[in-house]
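Enquirer: One structure, pasted below without further comment.
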2 protein chains.
Amino acid sequence: MPRRLAAIDSGLVVERRRNHWGWGYEDQRFSPEQVRAAAGGLAAHLGLGEGVEVEDPVALEDVRLPPARIRPPADLAEICADDAHARASHAWGKSYADVVRGFRGSFEHAPDFVVYPREEHEVERVLEWCAAAHVAAIPYGGGTSVVGGVRPEVDSSYNGAITLDLGALDQVREIDSISRSARIQAGANGPELERQLGEHGLTLRHFPQSFELATLGGWIATRAAGHFATVWTHIEDFVESVRAITPTGAWESRRLPGSGAGVSPDRMLAGSEGTLGVITEAWVRVQPRPAHRRSAGVVFDDFARGTECVRELSQSGLNPANCRLIDQREAKMTMVGDGSSALLVLGFESTDHPVDAPMARALEICREHGGEAQERGSGAGSAGGRGDSVEGGGGAGEGSRRGGAGTGDRGPDAVGAWRQTFFAAPYLRDVFVAMGAISETFETAITWERFPALHERVTATAEQAMREVGAQPGGVSCRFTHVYPDGPAPYFTVLAKGRRGEELEQWGAIKRAVSDAIIAAGGTITHHHSVGRDHRPWYDRQRPEPFAAALRGAKAAVDPRGIMNPGVLVDPLR
Amino acid sequence: MPRRLAAIDSGLVVERRRNHWGWGYEDQRFSPEQVRAAAGGLAAHLGLGEGVEVEDPVALEDVRLPPARIRPPADLAEICADDAHARASHAWGKSYADVVRGFRGSFEHAPDFVVYPREEHEVERVLEWCAAAHVAAIPYGGGTSVVGGVRPEVDSSYNGAITLDLGALDQVREIDSISRSARIQAGANGPELERQLGEHGLTLRHFPQSFELATLGGWIATRAAGHFATVWTHIEDFVESVRAITPTGAWESRRLPGSGAGVSPDRMLAGSEGTLGVITEAWVRVQPRPAHRRSAGVVFDDFARGTECVRELSQSGLNPANCRLIDQREAKMTMVGDGSSALLVLGFESTDHPVDAPMARALEICREHGGEAQERGSGAGSAGGRGDSVEGGGGAGEGSRRGGAGTGDRGPDAVGAWRQTFFAAPYLRDVFVAMGAISETFETAITWERFPALHERVTATAEQAMREVGAQPGGVSCRFTHVYPDGPAPYFTVLAKGRRGEELEQWGAIKRAVSDAIIAAGGTITHHHSVGRDHRPWYDRQRPEPFAAALRGAKAAVDPRGIMNPGVLVDPLR
């Protein structure tokens with residue numbers, strides 16, 4: 001089954017397949033030789049010590065796949081695939097553990113087959129068949145879940161599990177340039193939807209780290225947060241209406257700029273993670289590319305002073321588009337600093353007016369907190385030029401062909417370097433797996449007054465957990481991905497050198513300890529990585545029980561057979 | 001049962017009772033003499049013709065109350081009241097029809113008794129009793145619903161219906177000045193919560209027209225929209241966490257500045273309109289009073305040109321705090337213009353920085369669209385002085401004693417005059433009822449490209465409906481209450497001279513025709529007045545059926561006996 005078709009510069013159309021175990025496409029994988037060449041230096045840079053032994057991934061022809069429990073029905077056979085590549089590449093998401101398992105050729109939860117609907121009625125037909133056959137349906141956008149959200153792991157009460165890959169539903173269907181909105185199919189990934197919007201001079205400007213592969217439907221289903229660091233941060237803030245196919249019919253809200261009519265139908269689909277239905281399309285707010293931009297890197301002696309500054313910025317109403325504070329360790333790790341100071345990446349943008357005044361006031365606030373600015377020249381002159389926001393893919397379409405990992409939009413300075421690293425990170429993690437480095441990220445949100453305690457607790461817990469499991473600590477770093485007037489969304493990166501063959505156990509113990517610490521310190525188990533199957537133990541403690549009951553009741557009403565992504569968010573009522 | 005206790009300037013504490021049929025308190029009602037003195041001029045001003053006959057309200061001792069079906073249980077007797085005032089004043093909300101019925105002494109859906117919990121455990125106990133006795137529980141904040149949301153009208157399967165008045169739960173319980181948040185009990189009304197926040201130099205800045213009486217819990221339950229015309233408009237945008245008592249336990253979310261953990265529990269309570277549980281308190285984002293303000297009135301030759309200007313403003317990213325476009329007819333009616341031009345009330349505010357630059361740019365946009373500005377002097381010098389935003393209550397506490405209807409914050413110009421009218425409107429409507437004028441408002445939201453057609457259709461339908469029912473048309477006017485990058489929230493006011501004794505039938509026919517027109521034109525049946533019982537026919541057409549099923553399922557899970565505000569949003573599963 002041809003999957004991703006990409007137009008190559010020559011004009012030829014070739015089949016392009018996803019890497020079945022790691023990030024990106026097959027033609028983009030680092031070769032074992034490249035990994036070997038990089039591993040030593042990388043380990044030294046990250047403080048993971050000497051003597052790196054590089055492992056090679058298990059080739060597709062050698063992977064272990066469980067026998068299929070069910071076969072595609074005849075009337076759907078044309079859009080189904082059950083070959084090794086299709087099954088293996090849809091068996092896991094992209095968490096650290098997923099990549100390790102895929103790398104080592106283990107695919108025990110591979111779907112029985114994958115179905116690629118081309119039209120919405122085919123989605124309906126698939127769900128109808130699943131309900132009748134009591135087979136679980138796992139909606140799949142870009143497959144970038146880091147929380148087990150697309151893992152077809154279901155209990156034995158199901159007769160099987162299939163993956164519903166929305167990748168063929170990738171069109172921008174309608175543009176309303178007066179209201180600056182677009183109707184976009186759920187399976188369109190970041191580069192693809194930006195390319196099509198770009199033809200109309202518009203952009204969604206949603207640039208999460210998953211941008212290259214993740215899809216609009218996946219973002220809505222998981223409440224992804226993206227480009228904007230303040231005010232409207234999550235994708236649902238840009239949604240006008242959503243359409244989903246549930247096992248009991250189409251769930252489509254009116255297209256409205258705002259509403260107060262009862263509980264929001266869109267906000268019940270946002271974050272439903274495929275448990276209520278399959279999102280097929282949405283109307284979203286779009287805009288022209290910004291004509292005015294300013295960005296600056298601001299250096300602080302330490303993270304605490306930077307935090308106080310960012311708190312004031314977050315409460316100033318200046319609403320910077322970018323306001324990402326990076327601690328000393330992360331600045332060094334990502335090669336945007338020498339480790340002696342924290343870096344604030346600050347950016348303003350506008351389609352309408354110069355943003356010099358808010359930048360000047362923001363830098364004044366920074367100075368009052370001891371921050372030293374390194375502003376990048378920009379202003380109106382930068383319009384349409386080399387970007388100075390967190391836009392990895394450069395111009396629309398660039399990313400889809402070259403990987404979206406920071407092509408064309410790099411600067412020689414700290415801000416540019418950080419941006420480059422941002423989109424390269426998923427590729428880098430595949431290298432970490434090959435060289436035996438454990439890497440995990442923990443992201444949460446917390447009010448300002450509790451942040452220092454949470455930061456201390458999470459950091460100490462991660463360091464202790466690494467030691468206890470016998471992993472060689474590479475460090476714990478922190479940055480803010482988003483900030484609100486009442487608190488930041490801190491993002492922790494934990495790196496360690498694992499013991500070969502025991503990485504998953506070591507990783508699991510660290511993951512559990514740090515997640516416990518986040519919940520105990522009052523945070524959310526996720527600010528934008530969603531819940532899936534892997535965050536369930538902590539999510540179940542976080543949420544109020546009557547709400548969980550309400551969600552189970554809602555699910556039972558629209559999915560009476562419990563076929564939609566079972567095990568995610570709630571256990572189906574049976 | 002003493003209800004509202006208000007500190008009077010003398011320091012004495014006196015009992016103060018709500019007007020049992022109209023807006024405000026008993027001591028604030030217009031006297032029949034005042035109404036007679038005003039009616040003729042008012043009718044002429046509004047184009048309702050000559051010969052106004054003023055009717056007097058039915059006195060409390062003469063009202064018709066249905067016999068109580070049930071009595072308060074012994075252990076709750078201390079906090080219950082079943083006297084005529086308690087029952088009558090909780091029988092209706094504040095829609096036009098509600099006021100007419102109350103004015104005429106008709107209270108057929110009065111609750112059997114009213115309970116005033118002082119502590120949360122008393123709320124739990126009430127719901128427990130209701131579930132056991134199969135009695136409907138109607139949560140009641142300020143009772144300002146204009147959609148039948150607090151009307152204890154239940155079918156005969158219930159053994160009775162009681163009202164749960166949250167007014168005694170009116171305290172600001174906790175202030176976090178670092179994160180700029182406050183924990184506030186649900187029964188605190190606008191002036192009361194602003195007074196308490198004001199003691200800490202903080203404000204919620206939520207100033208809907210219901211400000212004087214409506215409560216935080218009511219706002220959250222109905223997704224009220226308030227002061228800010230752009231970006232974060234609805235109360236749920238300011239909510240950190242909500243706590244509610246459901247018949248099956250406490251539903252309390254974590255206090256978080258942002259989260260992506262599954263479906264938002266807060267967004268499922270927001271807009272639930274008392275059907276899932278009783279909101280008892282919430283953490284909300286607060287802020288210092290703005291230190292910098294600018295406001296201007298901008299005059300446009302016609303509403304269409306003003307609309308195009310506001311569209312550009314809404315897409316500019318300038319995000320004015322106030323951006324209310326008022327058409328010619330409404331400008332004349334509210335005495336802020338002579339009816340020859342439309343008026344845009346524009347305002348910027350900030351706690352941190354001067355807002356001259358965004359105001360200058362906004363006025364530039366206005367000029368490009370033919371708008372003529374009448375800026376009010378302001379700037380930093382106005383900080384703490386006489387306000388220039390839509391703040392009826394003036395300084396904190398003012399409103400709670402004097403009625404909140406624009407005391408102390410008036411200016412001689414158009415902006416000030418409009419603000420004065422804004423908060424006086426609910427009082428004025430009581431006068432309309434006495435003089436036989438039918439008044440109704442219709443508010444919706446629609447994307448920009450469909451707005452002109454909706455505007456034309458709603459206006460034409462309202463005018464035709466008034467003629468068809470034999471009411472003498474006083475006109476249809478329109479303003480924007482809030483604007484989004486993708487569309488406005490238009491607010492229509494319909495005025496007519498009714499036939500004495502037939503006003504409710506005439507009103508009902510107009511209401512149905514215009515609501516049909518809104519739905520047919522693609523709008524929402526409500527942008528911020530909520531659904532209640534009265535908007536159900538249109539809401540049921542607007543919402544997707546699987547979502548309705550999900551909501552019924554959610555309700556059944558937390559309210560298995562179906563006692564929570566039955567008939568609102570969904571019919572309980574039985």
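In the structure tokens, the first chain shown is A, the next is B, and so on; residue numbers restart at 1 for each chain, and ligands run from 1 in the order shown.
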Near Gly297 (chain B), within 7 Å and counting only C-alpha atoms, which residues show up once chain neighbours fewer than 4 positions away are dropped, as JSON, numbers by chain?
Expert: {"B": [343, 344, 345, 346, 373, 374, 375, 414, 415]}
Enquirer: Using only C-alpha atoms, which protein or nucleic acid residues come within 6 Å of region 260-274 of chain A? Drop anything in the same chain fewer than 4 positions from it, and give the result as a list of chain:residue names.
Expert: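 The filter keeps A:Pro139, A:Ile220, A:Ala221, A:Thr222, A:Arg223, A:Val278, A:Asn565, B:Arg223, B:Gly262, B:Val263, B:Met268, B:Gly271, B:Ser272, B:Thr526, B:His527, B:His528, B:Ser530, B:Val531.
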Enquirer: Need to verify the contact set: region 428-430 of chain B, 10 Å, only C-alpha atoms, exclusion of same-chain residues closer than 3 positions in sequence. Can you return it as JSON, numbers by chain?
Expert: {"B": [21, 22, 23, 29, 30, 35, 42, 57, 94, 95, 96, 99, 100, 103, 421, 423, 424, 425, 433, 434, 435, 437, 438, 439, 440]}
Enquirer: As a PyMOL selection string, please: all residues of region 147-348 of chain A that backbone DSSP puts in helix (DSSP H, G or I).
Expert: chain A and resi 190-198+216-222+235-238+265-269+303-314+328-333
Enquirer: Limited to N, CA and C atoms, could you put the picked residues into a file as a tab-separated table (two decimals), in the first residue's frame?
Expert:
chain	number	residue	atom	x	y	z
A	190	GLY	N	1.58	18.82	9.43
A	190	GLY	CA	2.01	20.22	9.49
A	190	GLY	C	2.50	20.76	8.16
A	191	PRO	N	3.54	20.15	7.58
A	191	PRO	CA	4.05	20.71	6.32
A	191	PRO	C	2.99	20.70	5.21
A	192	GLU	N	2.18	19.65	5.18
A	192	GLU	CA	1.19	19.53	4.11
A	192	GLU	C	0.11	20.61	4.23
A	193	LEU	N	-0.39	20.83	5.44
A	193	LEU	CA	-1.43	21.85	5.56
A	193	LEU	C	-0.85	23.26	5.40
A	194	GLU	N	0.38	23.46	5.85
A	194	GLU	CA	1.00	24.77	5.66
A	194	GLU	C	1.28	25.03	4.18
A	195	ARG	N	1.64	23.99	3.44
A	195	ARG	CA	1.88	24.15	2.01
A	195	ARG	C	0.60	24.60	1.30
A	196	GLN	N	-0.50	23.93	1.63
A	196	GLN	CA	-1.76	24.26	0.95
A	196	GLN	C	-2.29	25.64	1.39
A	197	LEU	N	-2.16	25.94	2.68
A	197	LEU	CA	-2.58	27.27	3.14
A	197	LEU	C	-1.70	28.35	2.52
A	198	GLY	N	-0.41	28.02	2.38
A	198	GLY	CA	0.55	28.97	1.83
A	198	GLY	C	0.17	29.42	0.42
A	216	LEU	N	-3.49	17.63	11.92
A	216	LEU	CA	-4.47	18.51	12.56
A	216	LEU	C	-5.42	17.71	13.46
A	217	GLY	N	-5.89	16.59	12.96
A	217	GLY	CA	-6.82	15.78	13.76
A	217	GLY	C	-6.17	15.27	15.03
A	218	GLY	N	-4.91	14.86	14.91
A	218	GLY	CA	-4.19	14.39	16.08
A	218	GLY	C	-3.98	15.51	17.08
A	219	TRP	N	-3.68	16.69	16.57
A	219	TRP	CA	-3.49	17.83	17.47
A	219	TRP	C	-4.76	18.13	18.25
A	220	ILE	N	-5.90	18.12	17.55
A	220	ILE	CA	-7.15	18.43	18.23
A	220	ILE	C	-7.51	17.32	19.23
A	221	ALA	N	-7.32	16.09	18.79
A	221	ALA	CA	-7.66	14.96	19.66
A	221	ALA	C	-6.82	14.96	20.93
A	222	THR	N	-5.63	15.55	20.87
A	222	THR	CA	-4.74	15.51	22.04
A	222	THR	C	-4.51	16.89	22.66
A	235	ILE	N	-4.19	24.10	20.37
A	235	ILE	CA	-4.86	24.08	19.06
A	235	ILE	C	-6.36	24.36	19.21
A	236	GLU	N	-6.97	23.92	20.32
A	236	GLU	CA	-8.42	24.13	20.44
A	236	GLU	C	-8.77	25.61	20.52
A	237	ASP	N	-7.78	26.45	20.86
A	237	ASP	CA	-8.04	27.89	20.87
A	237	ASP	C	-8.22	28.43	19.44
A	238	PHE	N	-7.82	27.65	18.46
A	238	PHE	CA	-7.91	28.09	17.06
A	238	PHE	C	-9.02	27.37	16.30
A	265	PRO	N	-19.36	21.53	22.47
A	265	PRO	CA	-19.13	20.24	21.81
A	265	PRO	C	-17.67	20.10	21.36
A	266	ASP	N	-17.08	21.20	20.91
A	266	ASP	CA	-15.69	21.14	20.46
A	266	ASP	C	-14.74	20.82	21.60
A	267	ARG	N	-15.03	21.40	22.77
A	267	ARG	CA	-14.15	21.18	23.91
A	267	ARG	C	-14.34	19.78	24.49
A	268	MET	N	-15.40	19.09	24.10
A	268	MET	CA	-15.52	17.70	24.54
A	268	MET	C	-14.78	16.76	23.59
A	269	LEU	N	-14.66	17.17	22.33
A	269	LEU	CA	-13.84	16.37	21.40
A	269	LEU	C	-12.35	16.66	21.60
A	303	PHE	N	18.47	30.51	36.46
A	303	PHE	CA	17.11	30.19	36.03
A	303	PHE	C	16.07	30.87	36.92
A	304	ALA	N	16.38	30.97	38.21
A	304	ALA	CA	15.42	31.57	39.14
A	304	ALA	C	15.15	33.03	38.80
A	305	ARG	N	16.21	33.77	38.46
A	305	ARG	CA	16.00	35.17	38.10
A	305	ARG	C	15.22	35.25	36.78
A	306	GLY	N	15.56	34.38	35.86
A	306	GLY	CA	14.82	34.32	34.60
A	306	GLY	C	13.34	34.01	34.84
A	307	THR	N	13.08	33.13	35.78
A	307	THR	CA	11.70	32.75	36.10
A	307	THR	C	10.91	33.96	36.61
A	308	GLU	N	11.53	34.72	37.51
A	308	GLU	CA	10.84	35.90	38.04
A	308	GLU	C	10.54	36.90	36.91
A	309	CYS	N	11.48	37.01	36.00
A	309	CYS	CA	11.29	37.92	34.86
A	309	CYS	C	10.14	37.42	33.98
A	310	VAL	N	10.14	36.14	33.70
A	310	VAL	CA	9.08	35.59	32.84
A	310	VAL	C	7.72	35.71	33.52
A	311	ARG	N	7.70	35.57	34.83
A	311	ARG	CA	6.43	35.78	35.53
A	311	ARG	C	5.92	37.19	35.28
A	312	GLU	N	6.80	38.17	35.40
A	312	GLU	CA	6.34	39.54	35.17
A	312	GLU	C	5.92	39.73	33.71
A	313	LEU	N	6.68	39.15	32.78
A	313	LEU	CA	6.29	39.24	31.37
A	313	LEU	C	4.92	38.62	31.14
A	314	SER	N	4.69	37.48	31.78
A	314	SER	CA	3.42	36.76	31.56
A	314	SER	C	2.24	37.54	32.10
A	328	GLN	N	20.34	26.69	32.35
A	328	GLN	CA	21.75	26.63	31.99
A	328	GLN	C	22.11	25.30	31.33
A	329	ARG	N	21.66	24.21	31.94
A	329	ARG	CA	22.03	22.89	31.45
A	329	ARG	C	21.48	22.66	30.05
A	330	GLU	N	20.21	23.04	29.86
A	330	GLU	CA	19.61	22.83	28.55
A	330	GLU	C	20.24	23.74	27.50
A	331	ALA	N	20.62	24.95	27.92
A	331	ALA	CA	21.29	25.86	26.99
A	331	ALA	C	22.60	25.25	26.50
A	332	LYS	N	23.31	24.63	27.43
A	332	LYS	CA	24.58	24.01	27.04
A	332	LYS	C	24.33	22.78	26.16
A	333	MET	N	23.39	21.98	26.60
A	333	MET	CA	23.09	20.73	25.89
A	333	MET	C	22.68	21.01	24.46
Enquirer: From the DSSP assignment of the backbone, select every residue of region 14-110 of chain A that is strand (DSSP E or B), and format the answer as a PyMOL selection string.
Expert: chain A and resi 14-16+18+25+64+80-81+106
Enquirer: When you look at Pro208 (chain B) with a cut-off of 7 Å (counting only C-alpha atoms), what residues show up, excluding the ones that are within fewer than 6 positions of it in the same chain? I need them as a ChimeraX atom specification.
Expert: /B:225-227
Enquirer: Suppose we keep all heavy atoms; can you now write the selection as a CSV table (one decimal), in the first residue's frame?
Expert:
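What landed in out-v5.csv:
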chain,number,residue,atom,x,y,z
B,225,ALA,N,-20.1,35.9,29.1
B,225,ALA,CA,-19.1,36.7,28.5
B,225,ALA,C,-19.2,38.1,29.2
B,225,ALA,O,-20.2,38.5,29.6
B,225,ALA,CB,-19.3,36.8,27.0
B,226,GLY,N,-18.0,38.7,29.3
B,226,GLY,CA,-18.0,39.9,30.1
B,226,GLY,C,-17.3,41.1,29.5
B,226,GLY,O,-17.5,41.5,28.3
B,227,HIS,N,-16.5,41.7,30.3
B,227,HIS,CA,-15.8,43.0,30.0
B,227,HIS,C,-15.0,43.0,28.7
B,227,HIS,O,-15.1,43.9,27.9
B,227,HIS,CB,-14.9,43.3,31.2
B,227,HIS,CG,-14.0,44.5,31.0
B,227,HIS,ND1,-14.5,45.8,30.9
B,227,HIS,CD2,-12.7,44.6,30.9
B,227,HIS,CE1,-13.5,46.6,30.8
B,227,HIS,NE2,-12.4,45.9,30.8
Enquirer: Neighbouring residues of Phe480 (chain B) were defined as those with any atom within 12 Å, considering only C-alpha atoms; residues of the same chain fewer than 2 positions away were excluded. Please report them as a VMD selection string.
Expert: chain B and resid 229 to 230 303 306 to 307 310 to 311 314 322 to 327 330 342 to 346 442 to 446 448 451 455 477 to 478 482 to 484 487 to 493 527
Enquirer: Measuring atom to atom with only C-alpha atoms, identify which of A:Gly553, A:Pro72, A:Pro66, A:Pro537 is nearest to chain B.
Expert: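 Using only C-alpha atoms, chain B sits closest to A:Gly553.
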